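Input: a single structure, listed below in structure tokens.
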Amino acid sequence: MLRVSCLLVLVACASPKETAAPQPSPAPPAPRTPMALTYLGVAGWQLDVGELTVLVDPYFSRPADFERPIVPDEAAIAARAPAKANLIAIGHSHVDHLLDAPAIAKRTGAQLLGSLSTTRIGRASGVPDDQLITIQGGEDFAFDEAGGYSVRVIPSLHSAIGDKHDALDGEVPPDVALPTNFAGYPMGGAYAYLVRAGGHEVFFLSTANFIEREVEGLRPDVAVIATGLRQHIHDYTCRLMRALGNPPLVYANHFDDWRVPAPTTPPPVSDDLNAFIAEVGRCSPGTRVVIPSHFQKMQVP
Ligand SMILES: [Zn+2]
């Protein structure tokens, strides 16, 4: 023990001489372009930075009957979708994430980025091939329009729906005929996204599960995090906060009831969301949690 202690003292004494040379001061961070985030309901988001608009899982139709073939509600889309968009990223192909995206891609000219299942629904909806980007997970795409931005595709997992027994997984078939019902939108794999634009890094998690090793080391300044059904996942909130380096700002995601119309006034914060706020406060005390109101544009510092 004594020998080890002496060694530690020697190392500790030697280090100041080695670091005595003056260090150059770090370069100041580049100024950020103002950014706005808008919660569209369910797992839908709109990100605006300068001339860039990115949508994630935009879903406005919110039909009541999922057994019959489901058609996008063009009036609801026209009322809420932006006039233009650069990219629509889809977390997975379930109907409450994908239904409206092809119609929005056709209206806005946006690229539709998602799994092969997403591409098949897009193609069957009439989205031109040059607006379809098929991912496999792990891509890190650079885009040069709207001042330049990039999107990292993060392999992920779906929340434990069906009490861990039924995730409606599988792939959309190549010859899918539309419209189709709820069961016609299998998951097609699950993905998270890191969008880098205007000096910001925004992490989007569409459903409450993740692969820790795929998230570890990401350092977003904003994290949009699904909360519904997280109680089925071990230590969900703290593991995620830790892996993401305790991001300064978190927005709750996918917490409203996707089977009913969007609320017209902000509902009271649920017990489950209050529990999420408390979890973040306990394991990442420097993080601010925002429970977004539907369709309210929020400026992000
Ligand atoms: Zn889903």
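We name chains A, B, ... following the order of the structure tokens; residues begin at 1 in each chain, and ligands are numbered from 1 as shown.
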
Residues within 8 Å of A:Leu249, please, as a PyMOL selection string. Count only C-alpha atoms; anything in the same chain fewer than 3 positions from it doesn't count.
chain A and resi 221-223+287-290

Which residues of chain A sit at most 10 Å from ligand 1, using only C-alpha atoms and all ligand atoms? Give each one's shortest atom pair and distance in Å (one decimal place), in chain and ascending residue order, as JSON lines.
{"residue": "A:Ala43", "atom": "CA", "partner": "ligand 1", "partner_atom_place_in_ligand_line": "1 (Zn)", "distance": 9.4}
{"residue": "A:Gly91", "atom": "CA", "partner": "ligand 1", "partner_atom_place_in_ligand_line": "1 (Zn)", "distance": 8.5}
{"residue": "A:His92", "atom": "CA", "partner": "ligand 1", "partner_atom_place_in_ligand_line": "1 (Zn)", "distance": 6.6}
{"residue": "A:Ser93", "atom": "CA", "partner": "ligand 1", "partner_atom_place_in_ligand_line": "1 (Zn)", "distance": 7.2}
{"residue": "A:His94", "atom": "CA", "partner": "ligand 1", "partner_atom_place_in_ligand_line": "1 (Zn)", "distance": 4.9}
{"residue": "A:Val95", "atom": "CA", "partner": "ligand 1", "partner_atom_place_in_ligand_line": "1 (Zn)", "distance": 7.6}
{"residue": "A:Asp96", "atom": "CA", "partner": "ligand 1", "partner_atom_place_in_ligand_line": "1 (Zn)", "distance": 7.0}
{"residue": "A:His97", "atom": "CA", "partner": "ligand 1", "partner_atom_place_in_ligand_line": "1 (Zn)", "distance": 7.1}
{"residue": "A:Leu98", "atom": "CA", "partner": "ligand 1", "partner_atom_place_in_ligand_line": "1 (Zn)", "distance": 9.6}
{"residue": "A:Leu157", "atom": "CA", "partner": "ligand 1", "partner_atom_place_in_ligand_line": "1 (Zn)", "distance": 9.8}
{"residue": "A:His158", "atom": "CA", "partner": "ligand 1", "partner_atom_place_in_ligand_line": "1 (Zn)", "distance": 6.5}
{"residue": "A:Ser159", "atom": "CA", "partner": "ligand 1", "partner_atom_place_in_ligand_line": "1 (Zn)", "distance": 7.3}
{"residue": "A:Ala160", "atom": "CA", "partner": "ligand 1", "partner_atom_place_in_ligand_line": "1 (Zn)", "distance": 9.4}
{"residue": "A:Ile161", "atom": "CA", "partner": "ligand 1", "partner_atom_place_in_ligand_line": "1 (Zn)", "distance": 8.1}
{"residue": "A:Ala167", "atom": "CA", "partner": "ligand 1", "partner_atom_place_in_ligand_line": "1 (Zn)", "distance": 7.3}
{"residue": "A:Leu168", "atom": "CA", "partner": "ligand 1", "partner_atom_place_in_ligand_line": "1 (Zn)", "distance": 7.8}
{"residue": "A:Asp169", "atom": "CA", "partner": "ligand 1", "partner_atom_place_in_ligand_line": "1 (Zn)", "distance": 9.0}
{"residue": "A:Tyr185", "atom": "CA", "partner": "ligand 1", "partner_atom_place_in_ligand_line": "1 (Zn)", "distance": 9.4}
{"residue": "A:Pro186", "atom": "CA", "partner": "ligand 1", "partner_atom_place_in_ligand_line": "1 (Zn)", "distance": 8.5}
{"residue": "A:Met187", "atom": "CA", "partner": "ligand 1", "partner_atom_place_in_ligand_line": "1 (Zn)", "distance": 6.5}
{"residue": "A:Gly188", "atom": "CA", "partner": "ligand 1", "partner_atom_place_in_ligand_line": "1 (Zn)", "distance": 9.9}
{"residue": "A:Gly189", "atom": "CA", "partner": "ligand 1", "partner_atom_place_in_ligand_line": "1 (Zn)", "distance": 9.8}
{"residue": "A:Ala190", "atom": "CA", "partner": "ligand 1", "partner_atom_place_in_ligand_line": "1 (Zn)", "distance": 8.5}
{"residue": "A:Ser206", "atom": "CA", "partner": "ligand 1", "partner_atom_place_in_ligand_line": "1 (Zn)", "distance": 8.2}
{"residue": "A:Thr207", "atom": "CA", "partner": "ligand 1", "partner_atom_place_in_ligand_line": "1 (Zn)", "distance": 6.6}
{"residue": "A:Ala208", "atom": "CA", "partner": "ligand 1", "partner_atom_place_in_ligand_line": "1 (Zn)", "distance": 9.4}
{"residue": "A:His254", "atom": "CA", "partner": "ligand 1", "partner_atom_place_in_ligand_line": "1 (Zn)", "distance": 9.8}

All residues 9 Å or closer to A:Ala89, only C-alpha atoms, same chain fewer than 6 positions away omitted, as a list in words
Val54, Leu55, Val56, Asp57, Pro58, Ala101, Gln111, Leu112, Leu113, Gly114 and Tyr193 of chain A

Filtering to N, CA and C atoms, could you give me those residues as a CSV table (one decimal), in the first residue's frame?
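To be explicit, this is the file written out as selection_15.csv:
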chain,number,residue,atom,x,y,z
A,54,VAL,N,-37.7,21.0,-41.1
A,54,VAL,CA,-37.7,19.6,-41.0
A,54,VAL,C,-38.9,19.1,-40.2
A,55,LEU,N,-39.6,18.1,-40.7
A,55,LEU,CA,-40.7,17.5,-39.9
A,55,LEU,C,-40.3,16.1,-39.5
A,56,VAL,N,-40.8,15.7,-38.3
A,56,VAL,CA,-40.6,14.4,-37.8
A,56,VAL,C,-41.9,13.8,-37.5
A,57,ASP,N,-42.3,12.7,-38.1
A,57,ASP,CA,-43.6,12.0,-37.8
A,57,ASP,C,-44.8,12.9,-37.8
A,58,PRO,N,-45.0,13.8,-38.8
A,58,PRO,CA,-46.1,14.7,-38.8
A,58,PRO,C,-47.4,13.9,-39.0
A,101,ALA,N,-47.5,11.6,-43.9
A,101,ALA,CA,-46.2,12.1,-44.4
A,101,ALA,C,-46.2,12.1,-45.9
A,111,GLN,N,-38.2,15.9,-49.0
A,111,GLN,CA,-37.7,14.5,-49.1
A,111,GLN,C,-38.4,13.7,-48.0
A,112,LEU,N,-38.8,12.5,-48.3
A,112,LEU,CA,-39.3,11.6,-47.2
A,112,LEU,C,-38.3,10.5,-46.9
A,113,LEU,N,-37.8,10.6,-45.7
A,113,LEU,CA,-36.7,9.7,-45.2
A,113,LEU,C,-37.2,8.7,-44.2
A,114,GLY,N,-37.0,7.4,-44.4
A,114,GLY,CA,-37.5,6.4,-43.5
A,114,GLY,C,-37.1,5.0,-44.0
A,193,TYR,N,-33.3,10.1,-34.5
A,193,TYR,CA,-32.6,11.1,-35.4
A,193,TYR,C,-31.9,12.1,-34.6

I need the residue nearest A:Arg80 from this list: A:Ile133, A:Val49, A:Val195, A:Ala262. Use only C-alpha atoms for the distance.
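Going through A:Ile133, A:Val49, A:Val195, A:Ala262 one by one, the smallest distance to A:Arg80 is for A:Ala262.
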
Shell around A:Phe203 at 10 Å using only C-alpha atoms, local window under 2 positions removed, as a PyMOL selection string
chain A and resi 151-152+154+192-196+200-201+205-206+215+218-225+244+247+250

Let's see if you can do this: from backbone DSSP, list all alpha helix (DSSP H) residues in stretch 62-189 of chain A, as a list in words.
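Listing alpha helix (DSSP H) positions across stretch 62-189 of chain A yields Glu74, Ala75, Ala76, Ile77, Ala78, Ala79, Arg80, Val95, Asp96, His97, Leu98, Ala101, Pro102, Ala103, Ile104, Ala105, Lys106, Arg107, Thr108, Leu116, Ser117, Thr118, Thr119, Arg120, Ile121, Gly122, Arg123 and Ala124 of chain A.
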
Quick one: residues within 8 Å of stretch 140-150 of chain A, only C-alpha atoms, excluding same-chain residues fewer than 5 positions away - as a PDB file with N, CA and C atoms, in the first residue's frame?
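Saved as around19.pdb:
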ATOM      1  N   GLY A  50     -33.667  29.162 -39.784  1.00  0.00           N
ATOM      2  CA  GLY A  50     -33.443  29.939 -41.004  1.00  0.00           C
ATOM      3  C   GLY A  50     -34.421  29.506 -42.088  1.00  0.00           C
ATOM      4  N   GLU A  51     -33.884  29.121 -43.250  1.00  0.00           N
ATOM      5  CA  GLU A  51     -34.739  28.703 -44.365  1.00  0.00           C
ATOM      6  C   GLU A  51     -35.102  27.219 -44.316  1.00  0.00           C
ATOM      7  N   LEU A  52     -34.609  26.518 -43.317  1.00  0.00           N
ATOM      8  CA  LEU A  52     -34.795  25.068 -43.237  1.00  0.00           C
ATOM      9  C   LEU A  52     -36.035  24.701 -42.427  1.00  0.00           C
ATOM     10  N   VAL A 195     -30.615  15.766 -35.665  1.00  0.00           N
ATOM     11  CA  VAL A 195     -30.626  16.784 -36.718  1.00  0.00           C
ATOM     12  C   VAL A 195     -29.689  17.904 -36.283  1.00  0.00           C
ATOM     13  N   ARG A 196     -28.705  18.211 -37.149  1.00  0.00           N
ATOM     14  CA  ARG A 196     -27.759  19.294 -36.857  1.00  0.00           C
ATOM     15  C   ARG A 196     -28.014  20.423 -37.851  1.00  0.00           C
ATOM     16  N   ALA A 197     -28.333  21.591 -37.321  1.00  0.00           N
ATOM     17  CA  ALA A 197     -28.632  22.724 -38.209  1.00  0.00           C
ATOM     18  C   ALA A 197     -28.424  24.019 -37.443  1.00  0.00           C
ATOM     19  N   GLY A 198     -27.822  25.013 -38.117  1.00  0.00           N
ATOM     20  CA  GLY A 198     -27.686  26.350 -37.541  1.00  0.00           C
ATOM     21  C   GLY A 198     -26.958  26.382 -36.208  1.00  0.00           C
TER      22      GLY A 198
END

For A:Ala105, please output as JSON, numbers by chain all residues within 10 Å (counting only C-alpha atoms; exclusion window: fewer than 6 positions along the same chain).
{"A": [55, 84, 85, 86, 87, 88, 111, 112, 122, 126, 127, 128, 131, 132]}

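Using only C-alpha atoms, the smallest distance between any of A:Val42, A:Ala110, A:Val176, A:Leu99 and A:Phe255 comes from A:Val42.
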
What gap, in Å, lies between atom CA of A:Ala124 and atom CA of A:Pro63?
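Here the two named atoms are 20.0 Å from each other.
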
Name the residues of stretch 70-241 of chain A that come out as strand (DSSP E) in a backbone DSSP run; write them as a VMD selection string.
chain A and resid 87 to 89 111 to 114 132 to 134 140 to 143 149 to 156 190 to 197 200 to 205 222 to 226

Those same residues - N, CA and C atoms - I'd like them written as a short mmCIF file (atom, residue, chain, number, x, y, z; two decimals), in the first residue's frame.
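Writing the result to selection05.cif gives the following:
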data_model
loop_
_atom_site.label_atom_id
_atom_site.label_comp_id
_atom_site.auth_asym_id
_atom_site.auth_seq_id
_atom_site.Cartn_x
_atom_site.Cartn_y
_atom_site.Cartn_z
N LEU A 87 -37.41 18.28 -45.42
CA LEU A 87 -37.23 16.87 -45.08
C LEU A 87 -38.34 16.44 -44.12
N ILE A 88 -38.82 15.22 -44.33
CA ILE A 88 -39.73 14.58 -43.38
C ILE A 88 -39.06 13.28 -42.95
N ALA A 89 -38.68 13.18 -41.69
CA ALA A 89 -38.03 11.97 -41.16
C ALA A 89 -39.06 11.17 -40.37
N GLN A 111 -38.20 15.85 -49.05
CA GLN A 111 -37.70 14.48 -49.09
C GLN A 111 -38.37 13.69 -47.96
N LEU A 112 -38.76 12.46 -48.26
CA LEU A 112 -39.35 11.58 -47.25
C LEU A 112 -38.30 10.52 -46.90
N LEU A 113 -37.82 10.57 -45.66
CA LEU A 113 -36.71 9.71 -45.22
C LEU A 113 -37.22 8.73 -44.19
N GLY A 114 -37.02 7.44 -44.44
CA GLY A 114 -37.46 6.42 -43.49
C GLY A 114 -37.07 5.04 -43.97
N LEU A 132 -37.71 10.11 -52.22
CA LEU A 132 -37.72 9.01 -51.25
C LEU A 132 -36.30 8.64 -50.87
N ILE A 133 -35.99 8.66 -49.60
CA ILE A 133 -34.67 8.26 -49.10
C ILE A 133 -34.88 7.10 -48.15
N THR A 134 -34.36 5.91 -48.54
CA THR A 134 -34.52 4.71 -47.72
C THR A 134 -33.31 4.52 -46.82
N ASP A 140 -25.28 8.93 -41.83
CA ASP A 140 -25.11 10.31 -41.36
C ASP A 140 -25.08 11.18 -42.61
N PHE A 141 -26.25 11.65 -43.01
CA PHE A 141 -26.41 12.32 -44.29
C PHE A 141 -26.17 13.82 -44.16
N ALA A 142 -25.45 14.39 -45.15
CA ALA A 142 -25.30 15.84 -45.26
C ALA A 142 -26.21 16.34 -46.36
N PHE A 143 -26.88 17.43 -46.11
CA PHE A 143 -27.75 18.07 -47.11
C PHE A 143 -27.26 19.50 -47.31
N TYR A 149 -27.34 21.27 -43.64
CA TYR A 149 -27.69 20.62 -42.37
C TYR A 149 -27.33 19.14 -42.52
N SER A 150 -27.40 18.40 -41.43
CA SER A 150 -27.12 16.98 -41.50
C SER A 150 -28.06 16.22 -40.58
N VAL A 151 -28.24 14.95 -40.91
CA VAL A 151 -29.15 14.09 -40.16
C VAL A 151 -28.46 12.75 -39.93
N ARG A 152 -28.25 12.43 -38.68
CA ARG A 152 -27.71 11.12 -38.32
C ARG A 152 -28.87 10.19 -37.99
N VAL A 153 -28.86 9.00 -38.58
CA VAL A 153 -29.93 8.01 -38.39
C VAL A 153 -29.46 7.02 -37.33
N ILE A 154 -30.20 6.91 -36.26
CA ILE A 154 -29.76 6.11 -35.11
C ILE A 154 -30.65 4.87 -34.97
N PRO A 155 -30.08 3.67 -35.14
CA PRO A 155 -30.88 2.47 -34.94
C PRO A 155 -31.51 2.48 -33.54
N SER A 156 -32.79 2.11 -33.47
CA SER A 156 -33.48 2.24 -32.19
C SER A 156 -34.47 1.09 -32.02
N ALA A 190 -37.31 0.72 -36.15
CA ALA A 190 -37.48 1.98 -35.41
C ALA A 190 -36.15 2.74 -35.42
N TYR A 191 -36.25 4.06 -35.56
CA TYR A 191 -35.07 4.91 -35.69
C TYR A 191 -35.24 6.18 -34.87
N ALA A 192 -34.15 6.64 -34.31
CA ALA A 192 -34.09 7.98 -33.72
C ALA A 192 -33.25 8.84 -34.68
N TYR A 193 -33.31 10.15 -34.49
CA TYR A 193 -32.58 11.05 -35.39
C TYR A 193 -31.86 12.13 -34.60
N LEU A 194 -30.69 12.49 -35.11
CA LEU A 194 -29.99 13.67 -34.63
C LEU A 194 -29.92 14.65 -35.80
N VAL A 195 -30.62 15.77 -35.66
CA VAL A 195 -30.63 16.78 -36.72
C VAL A 195 -29.69 17.90 -36.28
N ARG A 196 -28.71 18.21 -37.15
CA ARG A 196 -27.76 19.29 -36.86
C ARG A 196 -28.01 20.42 -37.85
N ALA A 197 -28.33 21.59 -37.32
CA ALA A 197 -28.63 22.72 -38.21
C ALA A 197 -28.42 24.02 -37.44
N HIS A 200 -27.23 24.07 -33.90
CA HIS A 200 -27.99 23.27 -32.94
C HIS A 200 -27.83 21.78 -33.26
N GLU A 201 -28.00 20.96 -32.23
CA GLU A 201 -28.10 19.50 -32.42
C GLU A 201 -29.34 19.04 -31.66
N VAL A 202 -30.31 18.52 -32.41
CA VAL A 202 -31.60 18.16 -31.81
C VAL A 202 -31.80 16.66 -32.00
N PHE A 203 -32.05 15.98 -30.89
CA PHE A 203 -32.25 14.53 -30.88
C PHE A 203 -33.76 14.26 -30.81
N PHE A 204 -34.25 13.39 -31.71
CA PHE A 204 -35.67 13.04 -31.73
C PHE A 204 -35.83 11.55 -31.46
N LEU A 205 -36.58 11.22 -30.44
CA LEU A 205 -36.91 9.83 -30.13
C LEU A 205 -38.43 9.70 -30.17
N VAL A 222 -30.68 19.84 -27.49
CA VAL A 222 -32.13 19.65 -27.28
C VAL A 222 -32.45 18.18 -27.51
N ALA A 223 -33.23 17.58 -26.62
CA ALA A 223 -33.65 16.19 -26.80
C ALA A 223 -35.17 16.13 -26.71
N VAL A 224 -35.78 15.56 -27.75
CA VAL A 224 -37.23 15.38 -27.82
C VAL A 224 -37.48 13.91 -27.53
N ILE A 225 -38.13 13.62 -26.41
CA ILE A 225 -38.10 12.25 -25.86
C ILE A 225 -39.51 11.72 -25.61
N ALA A 226 -39.81 10.59 -26.26
CA ALA A 226 -41.10 9.94 -26.04
C ALA A 226 -41.20 9.46 -24.59
#

One-decimal distance in Å that lies between atom CA of A:Arg62 and atom CA of A:Pro261
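Going from atom CA of A:Pro261 over to atom CA of A:Arg62, I get 5.9 Å.
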